[in-house]
$ cat structure.txt   # compact mmCIF, C-alpha atoms
# COMPACT_ATOMS: atom_id res chain seq x y z
CA MET A 1 0.00 0.00 0.00
CA ALA A 2 1.32 3.44 -0.89
CA VAL A 3 -0.05 6.66 0.64
CA VAL A 4 0.83 10.08 -0.80
CA ILE A 5 0.55 12.95 1.69
CA VAL A 6 -0.06 16.39 0.19
CA THR A 7 -0.99 19.93 1.17
CA GLY A 8 -1.92 23.10 -0.64
CA ARG A 9 0.06 25.54 1.52
CA GLY A 10 3.46 25.57 3.17
CA GLY A 11 3.68 25.15 6.93
CA ALA A 12 0.53 23.05 7.22
CA GLY A 13 2.40 20.21 8.91
CA LYS A 14 2.44 17.73 6.05
CA THR A 15 5.84 16.28 6.96
CA THR A 16 4.94 16.18 10.66
CA THR A 17 1.82 14.23 9.70
CA THR A 18 3.85 11.85 7.53
CA ALA A 19 6.29 11.22 10.38
CA ASN A 20 3.61 10.63 13.00
CA LEU A 21 1.31 8.44 10.92
CA SER A 22 4.37 6.36 10.02
CA THR A 23 5.18 6.16 13.74
CA TYR A 24 1.65 5.06 14.62
CA PHE A 25 1.75 2.18 12.16
CA ALA A 26 5.26 1.15 13.21
CA GLN A 27 4.07 1.05 16.82
CA ARG A 28 1.24 -1.18 15.64
CA GLU A 29 3.95 -3.51 14.28
CA TYR A 30 3.43 -2.75 10.61
CA ARG A 31 6.56 -2.65 8.47
CA VAL A 32 6.48 1.00 7.45
CA LEU A 33 8.63 3.05 5.08
CA ALA A 34 8.49 6.86 4.91
CA ILE A 35 9.99 8.36 1.73
CA ASP A 36 10.88 12.02 1.29
CA GLY A 37 9.30 12.89 -2.05
CA ASP A 38 9.81 16.64 -1.64
CA LEU A 39 12.87 16.47 -3.84
CA TYR A 40 13.76 20.17 -3.90
CA LEU A 41 12.96 21.06 -0.28
CA PRO A 42 13.35 17.78 1.60
CA ASN A 43 13.06 17.81 5.39
CA LEU A 44 11.61 14.44 6.37
CA GLY A 45 15.08 13.42 7.53
CA PHE A 46 15.09 16.19 10.15
CA HIS A 47 11.96 14.73 11.74
CA PHE A 48 13.85 11.48 12.32
CA GLY A 49 17.30 12.91 13.04
CA LEU A 50 18.63 11.60 9.71
CA GLU A 51 19.93 14.78 8.10
CA ASN A 52 23.54 13.58 7.73
CA VAL A 53 23.51 10.15 6.09
CA LYS A 54 25.61 8.66 3.30
CA TYR A 55 22.83 7.61 0.91
CA THR A 56 19.52 9.38 0.27
CA VAL A 57 16.64 9.18 -2.15
CA HIS A 58 18.63 11.64 -4.27
CA SER A 59 21.56 9.19 -4.39
CA ILE A 60 19.25 6.52 -5.76
CA LEU A 61 17.64 8.87 -8.28
CA LYS A 62 21.03 10.00 -9.60
CA ASN A 63 22.60 6.56 -9.75
CA PRO A 64 20.28 3.77 -10.93
CA ASN A 65 22.99 1.21 -10.11
CA LEU A 66 22.53 1.80 -6.37
CA ASP A 67 20.20 -0.50 -4.46
CA PRO A 68 17.34 1.65 -3.04
CA GLU A 69 17.63 -0.19 0.26
CA TRP A 70 21.03 1.45 0.81
CA ALA A 71 19.15 4.70 1.40
CA ILE A 72 16.76 3.23 3.97
CA TYR A 73 17.44 3.69 7.70
CA LYS A 74 15.51 2.26 10.63
CA HIS A 75 14.73 4.93 13.20
CA SER A 76 15.66 3.55 16.60
CA HIS A 77 12.99 5.41 18.62
CA THR A 78 10.00 4.56 16.44
CA GLY A 79 10.86 1.55 14.28
CA VAL A 80 9.97 3.51 11.14
CA TYR A 81 12.11 2.83 8.08
CA VAL A 82 13.01 6.16 6.47
CA MET A 83 14.37 7.09 3.04
CA PRO A 84 15.44 10.71 3.62
CA GLY A 85 16.30 13.30 1.01
CA SER A 86 19.47 15.34 0.63
CA THR A 87 19.59 19.06 1.37
CA ASN A 88 22.76 19.43 -0.70
CA LEU A 89 21.99 21.52 -3.80
CA GLN A 90 24.39 19.50 -5.92
CA ASP A 91 22.43 16.34 -5.14
CA VAL A 92 19.20 17.94 -6.29
CA LEU A 93 20.46 19.03 -9.70
CA GLY A 94 19.88 16.67 -12.59
CA ILE A 95 17.64 14.17 -10.84
CA SER A 96 14.70 12.43 -12.50
CA ALA A 97 11.49 12.53 -10.50
CA ARG A 98 10.10 9.89 -12.83
CA ARG A 99 12.32 7.25 -11.26
CA LEU A 100 10.75 7.98 -7.87
CA LYS A 101 7.68 6.15 -9.14
CA ASP A 102 9.78 3.03 -9.75
CA ILE A 103 11.26 3.23 -6.25
CA VAL A 104 7.83 3.54 -4.62
CA ASP A 105 6.48 0.73 -6.80
CA GLN A 106 9.37 -1.52 -5.76
CA MET A 107 9.17 -0.63 -2.07
CA ARG A 108 5.43 -1.14 -1.70
CA TYR A 109 5.98 -4.86 -2.22
CA LYS A 110 8.64 -4.95 0.52
CA PHE A 111 6.81 -2.88 3.14
CA GLY A 112 3.28 -3.14 4.48
CA LEU A 113 2.83 0.61 4.10
CA VAL A 114 4.79 3.26 2.22
CA PHE A 115 4.15 6.92 3.04
CA VAL A 116 5.37 9.47 0.50
CA ASP A 117 5.88 13.02 1.74
CA SER A 118 5.05 15.33 -1.19
CA PRO A 119 5.99 18.94 -1.92
CA THR A 120 3.58 21.81 -1.22
CA GLY A 121 1.00 22.72 -3.82
CA ILE A 122 0.78 20.72 -7.04
CA PRO A 123 3.19 17.88 -6.19
CA PHE A 124 5.18 17.76 -9.42
CA ASP A 125 8.04 15.87 -7.72
CA THR A 126 5.76 13.01 -6.70
CA LEU A 127 3.16 13.19 -9.46
CA PRO A 128 4.49 10.04 -11.18
CA THR A 129 4.06 8.13 -7.90
CA PHE A 130 0.31 8.77 -8.04
CA GLU A 131 0.25 6.10 -10.75
CA VAL A 132 1.29 3.41 -8.25
CA ALA A 133 -0.23 4.87 -5.05
CA ASN A 134 -3.48 3.74 -3.46
CA TYR A 135 -4.35 6.61 -1.11
CA GLN A 136 -4.00 10.38 -0.87
CA ILE A 137 -4.16 12.24 2.44
CA ILE A 138 -4.62 16.01 2.25
CA VAL A 139 -3.27 17.96 5.23
CA VAL A 140 -4.97 21.30 5.82
CA GLU A 141 -3.99 23.89 8.40
CA ILE A 142 -6.97 25.77 9.79
CA GLU A 143 -6.08 29.41 9.30
CA ARG A 144 -8.46 32.34 9.08
CA SER A 145 -8.78 33.85 5.61
CA PRO A 146 -9.59 37.57 5.16
CA ILE A 147 -11.73 36.66 2.14
CA TYR A 148 -13.37 33.32 2.87
CA SER A 149 -14.97 31.61 5.81
CA PHE A 150 -13.07 28.71 7.37
CA GLU A 151 -15.35 26.22 5.63
CA THR A 152 -14.97 27.80 2.19
CA MET A 153 -11.19 28.13 2.51
CA VAL A 154 -10.75 24.50 3.51
CA GLU A 155 -13.28 23.27 0.97
CA ASN A 156 -11.49 25.12 -1.87
CA GLU A 157 -8.12 23.64 -0.91
CA VAL A 158 -9.44 20.11 -0.50
CA GLU A 159 -11.44 20.25 -3.72
CA LYS A 160 -8.40 21.18 -5.82
CA LEU A 161 -6.15 18.47 -4.38
CA LYS A 162 -8.94 15.88 -4.36
CA ALA A 163 -9.31 16.39 -8.12
CA LEU A 164 -5.70 15.26 -8.47
CA GLY A 165 -6.31 12.09 -6.46
CA ASP A 166 -9.53 11.43 -8.36
CA GLU A 167 -7.65 11.67 -11.65
CA TYR A 168 -5.47 8.75 -10.59
CA GLY A 169 -8.24 6.79 -8.88
CA LEU A 170 -6.89 7.25 -5.35
CA LYS A 171 -8.96 6.99 -2.20
CA VAL A 172 -8.83 10.49 -0.66
CA GLY A 173 -8.98 11.60 2.98
CA VAL A 174 -8.27 14.80 4.93
CA ILE A 175 -6.45 15.62 8.16
CA LEU A 176 -7.01 19.00 9.79
CA ASN A 177 -3.80 20.15 11.49
CA LYS A 178 -2.66 22.89 13.89
CA VAL A 179 -6.28 23.44 14.90
CA ARG A 180 -6.81 26.31 17.35
CA GLU A 181 -10.45 27.09 16.63
CA SER A 182 -13.51 26.32 18.72
CA GLN A 183 -15.33 23.02 18.40
CA ASP A 184 -18.31 24.57 16.61
CA VAL A 185 -16.03 26.00 13.91
CA VAL A 186 -14.31 22.64 13.50
CA ASP A 187 -17.66 20.86 13.32
CA LYS A 188 -18.75 23.16 10.47
CA ILE A 189 -15.53 22.46 8.59
CA VAL A 190 -15.93 18.71 9.01
CA GLU A 191 -19.54 18.93 7.87
CA SER A 192 -18.48 20.95 4.83
CA VAL A 193 -15.66 18.59 3.81
CA GLU A 194 -17.56 15.37 4.43
CA GLY A 195 -21.01 16.58 3.39
CA ASP A 196 -20.24 18.75 0.37
CA LEU A 197 -17.14 16.98 -0.96
CA GLY A 198 -17.72 13.47 0.30
CA VAL A 199 -14.19 13.24 1.74
CA PRO A 200 -13.69 11.70 5.20
CA VAL A 201 -11.87 13.73 7.84
CA LEU A 202 -9.34 11.29 9.27
CA GLY A 203 -7.91 13.44 12.02
CA ILE A 204 -8.18 16.74 13.87
CA ILE A 205 -4.78 17.64 15.30
CA PRO A 206 -4.60 20.58 17.73
CA PHE A 207 -1.82 23.15 17.67
CA ASP A 208 0.81 21.92 20.12
CA GLU A 209 3.99 23.78 21.08
CA ASP A 210 5.70 20.46 21.84
CA VAL A 211 5.74 19.53 18.15
CA PRO A 212 8.63 21.85 17.09
CA GLU A 213 10.63 20.52 20.02
CA SER A 214 10.07 16.95 18.83
CA VAL A 215 11.29 17.90 15.34
CA ASN A 216 14.42 19.47 16.81
CA VAL A 217 15.32 16.26 18.63
CA GLY A 218 14.46 14.06 15.64
CA ILE A 219 11.71 12.01 17.30
CA PRO A 220 8.09 12.34 16.10
CA ILE A 221 5.82 13.71 18.83
CA LEU A 222 3.87 10.43 19.05
CA ALA A 223 7.02 8.76 20.43
CA TYR A 224 8.66 11.82 21.98
CA LYS A 225 5.78 12.96 24.20
CA PRO A 226 3.03 10.36 23.87
CA ARG A 227 0.68 12.11 26.31
CA SER A 228 0.81 15.52 24.64
CA ASP A 229 -2.32 16.89 22.96
CA ALA A 230 -0.93 16.40 19.44
CA SER A 231 0.23 12.85 20.25
CA LEU A 232 -3.19 11.79 21.50
CA ALA A 233 -4.79 13.29 18.39
CA PHE A 234 -2.27 11.65 16.06
CA TYR A 235 -2.95 8.32 17.75
CA GLU A 236 -6.70 8.72 17.16
CA SER A 237 -6.00 9.81 13.60
CA GLY A 238 -3.82 6.75 13.09
CA GLN A 239 -6.70 4.53 14.21
CA LEU A 240 -9.02 6.20 11.71
CA VAL A 241 -6.47 5.94 8.91
CA GLU A 242 -5.91 2.26 9.73
CA GLU A 243 -9.66 1.59 9.52
CA TRP A 244 -9.90 3.67 6.34
CA ILE A 245 -7.05 1.85 4.59
CA PHE A 246 -7.87 -1.66 5.72
CA GLU A 247 -11.63 -1.09 6.04
CA ARG A 248 -11.72 -2.39 9.57
CA VAL A 249 -14.42 -1.68 12.11
CA ARG A 250 -13.46 -1.09 15.73

$ encode --input "structure.txt" --output "structure tokens"
Amino acid sequence: MAVVIVTGRGGAGKTTTTANLSTYFAQREYRVLAIDGDLYLPNLGFHFGLENVKYTVHSILKNPNLDPEWAIYKHSHTGVYVMPGSTNLQDVLGISARRLKDIVDQMRYKFGLVFVDSPTGIPFDTLPTFEVANYQIIVVEIERSPIYSFETMVENEVEKLKALGDEYGLKVGVILNKVRESQDVVDKIVESVEGDLGVPVLGIIPFDEDVPESVNVGIPILAYKPRSDASLAFYESGQLVEEWIFERVR
């Protein structure tokens, strides 16, 4: 199974979501691989403390003779297998995003779940991987717009990215992140997304000041501070995503 995680705006917490959903499934004893598909601005490695490694997804993309498994590292605190990207500009130049599809296709037969962290906006880096993916999760930060209501702003963002998943026949879900609004506002957003667009909301993650700290130490919040507000919400979100993917009923 391959899951592509996308967002329409920078800073929404897409990579944090990728790291923590991967952690949830690893804790549930799934064999999980998280791949940094944001080829020009990769930072998944930071979330797992893997920013200085010998081989990266860029190494594999530049040299087809390298075994992709050379660029996979098991995170000791979570059990997540991670294929980080390189932040070195020279490694980014001249790569072929098309080959990323082949890597994801190969890895999804070796791992129970593969999460692909995509770039912000239209995910051109990971677009080829949509051909071999099964699911798309859209991460939306709830932020007040001077023009639109919360519901309209979120609905517009989800609708655009959902169209991309629909084009490739992916099952689409939404996670609301960094939520600071009142419950009635959140309820209206959920009603709008699920009622008007027919897309399930798979998680509502509150804003939590412990999250940046967890990124700095390279341990996703779900493992770093499991009783924090964001951790509890990510755990609940993981349960929903697990049911959604495997169509299980609690």

$ residues_around --input "structure.txt" --residues "A:Phe234" --least-positions-apart "5" --cutoff "10 Å" --atoms "only C-alpha atoms" --output "compact mmCIF listing (two decimals) with C-alpha atoms, in the coordinates of the input"
# COMPACT_ATOMS: atom_id res chain seq x y z
CA THR A 17 1.82 14.23 9.70
CA ASN A 20 3.61 10.63 13.00
CA LEU A 21 1.31 8.44 10.92
CA THR A 23 5.18 6.16 13.74
CA TYR A 24 1.65 5.06 14.62
CA ILE A 175 -6.45 15.62 8.16
CA ASN A 177 -3.80 20.15 11.49
CA LEU A 202 -9.34 11.29 9.27
CA GLY A 203 -7.91 13.44 12.02
CA ILE A 204 -8.18 16.74 13.87
CA ILE A 205 -4.78 17.64 15.30
CA PRO A 206 -4.60 20.58 17.73
CA ILE A 221 5.82 13.71 18.83
CA LEU A 222 3.87 10.43 19.05
CA PRO A 226 3.03 10.36 23.87
CA SER A 228 0.81 15.52 24.64
CA ASP A 229 -2.32 16.89 22.96
CA GLN A 239 -6.70 4.53 14.21
CA LEU A 240 -9.02 6.20 11.71

$ atom_distance --input "structure.txt" --atom1 "atom CA of A:Val114" --atom2 "atom CA of A:Tyr81"
9.4 Å

$ atom_distance --input "structure.txt" --atom1 "atom CA of A:Asp117" --atom2 "atom CA of A:Ala34"
7.4 Å

$ residues_around --input "structure.txt" --residues "stretch 182-192 of chain A" --least-positions-apart "3" --cutoff "6 Å" --atoms "all atoms listed in the file" --output "VMD selection string"
chain A and resid 151 195 to 196

$ residues_around --input "structure.txt" --residues "A:Thr15" --least-positions-apart "3" --cutoff "12 Å" --atoms "all atoms listed in the file" --output "PyMOL selection string"
chain A and resi 4-7+10-12+18-22+34-38+41-48+84+115-120+137-140+177+211-212+215+220

$ atom_distance --input "structure.txt" --atom1 "atom CA of A:Lys225" --atom2 "atom CA of A:Met107"
29.8 Å

$ closest_residue --input "structure.txt" --among "A:Asn134, A:Gln106, A:Asn52, A:Ser96" --to "A:Glu69" --atoms "only C-alpha atoms"
A:Gln106

$ closest_residue --input "structure.txt" --among "A:Val132, A:Val193, A:Val82, A:Val172" --to "A:Met153" --atoms "all atoms listed in the file"
A:Val193

$ closest_residue --input "structure.txt" --among "A:Gly165, A:Gly94, A:Gly112, A:Gly173" --to "A:Leu127" --atoms "only C-alpha atoms"
A:Gly165

$ closest_residue --input "structure.txt" --among "A:Ile60, A:Val174, A:Leu66, A:Ile219" --to "A:Val241" --atoms "all atoms listed in the file"
A:Val174

$ closest_residue --input "structure.txt" --among "A:Leu197, A:Tyr40, A:Ala2, A:Glu209" --to "A:Asp105" --atoms "all atoms listed in the file"
A:Ala2

$ closest_residue --input "structure.txt" --among "A:Ile122, A:Ile142, A:Leu50, A:Leu113" --to "A:Thr87" --atoms "only C-alpha atoms"
A:Leu50

$ residues_around --input "structure.txt" --residues "A:Val3" --least-positions-apart "3" --cutoff "6 Å" --atoms "all atoms listed in the file" --output "NGL selection string"
:A and (115 or 133 or 135-136)

$ decode --input "structure.txt" --residues "stretch 33-44 of chain A" --atoms "N, CA, C and O atoms" --output "PDB file, in the first residue's frame"
ATOM      1  N   LEU A  33       7.569   2.244   5.697  1.00  0.00           N
ATOM      2  CA  LEU A  33       8.626   3.052   5.081  1.00  0.00           C
ATOM      3  C   LEU A  33       8.083   4.445   4.801  1.00  0.00           C
ATOM      4  O   LEU A  33       7.007   4.594   4.215  1.00  0.00           O
ATOM      5  N   ALA A  34       8.817   5.471   5.230  1.00  0.00           N
ATOM      6  CA  ALA A  34       8.487   6.860   4.910  1.00  0.00           C
ATOM      7  C   ALA A  34       9.534   7.385   3.940  1.00  0.00           C
ATOM      8  O   ALA A  34      10.733   7.354   4.224  1.00  0.00           O
ATOM      9  N   ILE A  35       9.086   7.859   2.779  1.00  0.00           N
ATOM     10  CA  ILE A  35       9.988   8.360   1.735  1.00  0.00           C
ATOM     11  C   ILE A  35       9.827   9.860   1.591  1.00  0.00           C
ATOM     12  O   ILE A  35       8.708  10.373   1.515  1.00  0.00           O
ATOM     13  N   ASP A  36      10.944  10.578   1.525  1.00  0.00           N
ATOM     14  CA  ASP A  36      10.880  12.020   1.287  1.00  0.00           C
ATOM     15  C   ASP A  36      10.759  12.263  -0.213  1.00  0.00           C
ATOM     16  O   ASP A  36      11.717  12.118  -0.967  1.00  0.00           O
ATOM     17  N   GLY A  37       9.548  12.621  -0.640  1.00  0.00           N
ATOM     18  CA  GLY A  37       9.305  12.894  -2.046  1.00  0.00           C
ATOM     19  C   GLY A  37       9.369  14.368  -2.391  1.00  0.00           C
ATOM     20  O   GLY A  37       9.153  14.752  -3.543  1.00  0.00           O
ATOM     21  N   ASP A  38       9.655  15.203  -1.392  1.00  0.00           N
ATOM     22  CA  ASP A  38       9.810  16.642  -1.638  1.00  0.00           C
ATOM     23  C   ASP A  38      11.253  16.855  -2.086  1.00  0.00           C
ATOM     24  O   ASP A  38      12.125  17.226  -1.300  1.00  0.00           O
ATOM     25  N   LEU A  39      11.500  16.609  -3.359  1.00  0.00           N
ATOM     26  CA  LEU A  39      12.874  16.474  -3.844  1.00  0.00           C
ATOM     27  C   LEU A  39      13.678  17.768  -3.813  1.00  0.00           C
ATOM     28  O   LEU A  39      14.910  17.728  -3.724  1.00  0.00           O
ATOM     29  N   TYR A  40      13.025  18.907  -3.869  1.00  0.00           N
ATOM     30  CA  TYR A  40      13.759  20.175  -3.905  1.00  0.00           C
ATOM     31  C   TYR A  40      13.815  20.872  -2.549  1.00  0.00           C
ATOM     32  O   TYR A  40      14.676  21.718  -2.328  1.00  0.00           O
ATOM     33  N   LEU A  41      12.924  20.509  -1.642  1.00  0.00           N
ATOM     34  CA  LEU A  41      12.962  21.056  -0.285  1.00  0.00           C
ATOM     35  C   LEU A  41      12.725  19.926   0.717  1.00  0.00           C
ATOM     36  O   LEU A  41      11.768  19.957   1.492  1.00  0.00           O
ATOM     37  N   PRO A  42      13.582  18.924   0.732  1.00  0.00           N
ATOM     38  CA  PRO A  42      13.354  17.778   1.603  1.00  0.00           C
ATOM     39  C   PRO A  42      13.638  18.097   3.067  1.00  0.00           C
ATOM     40  O   PRO A  42      14.627  18.754   3.383  1.00  0.00           O
ATOM     41  N   ASN A  43      12.769  17.653   3.954  1.00  0.00           N
ATOM     42  CA  ASN A  43      13.060  17.806   5.388  1.00  0.00           C
ATOM     43  C   ASN A  43      12.526  16.666   6.240  1.00  0.00           C
ATOM     44  O   ASN A  43      12.541  16.740   7.462  1.00  0.00           O
ATOM     45  N   LEU A  44      12.085  15.589   5.600  1.00  0.00           N
ATOM     46  CA  LEU A  44      11.614  14.436   6.371  1.00  0.00           C
ATOM     47  C   LEU A  44      12.728  13.882   7.258  1.00  0.00           C
ATOM     48  O   LEU A  44      12.485  13.456   8.385  1.00  0.00           O
TER      49      LEU A  44
END
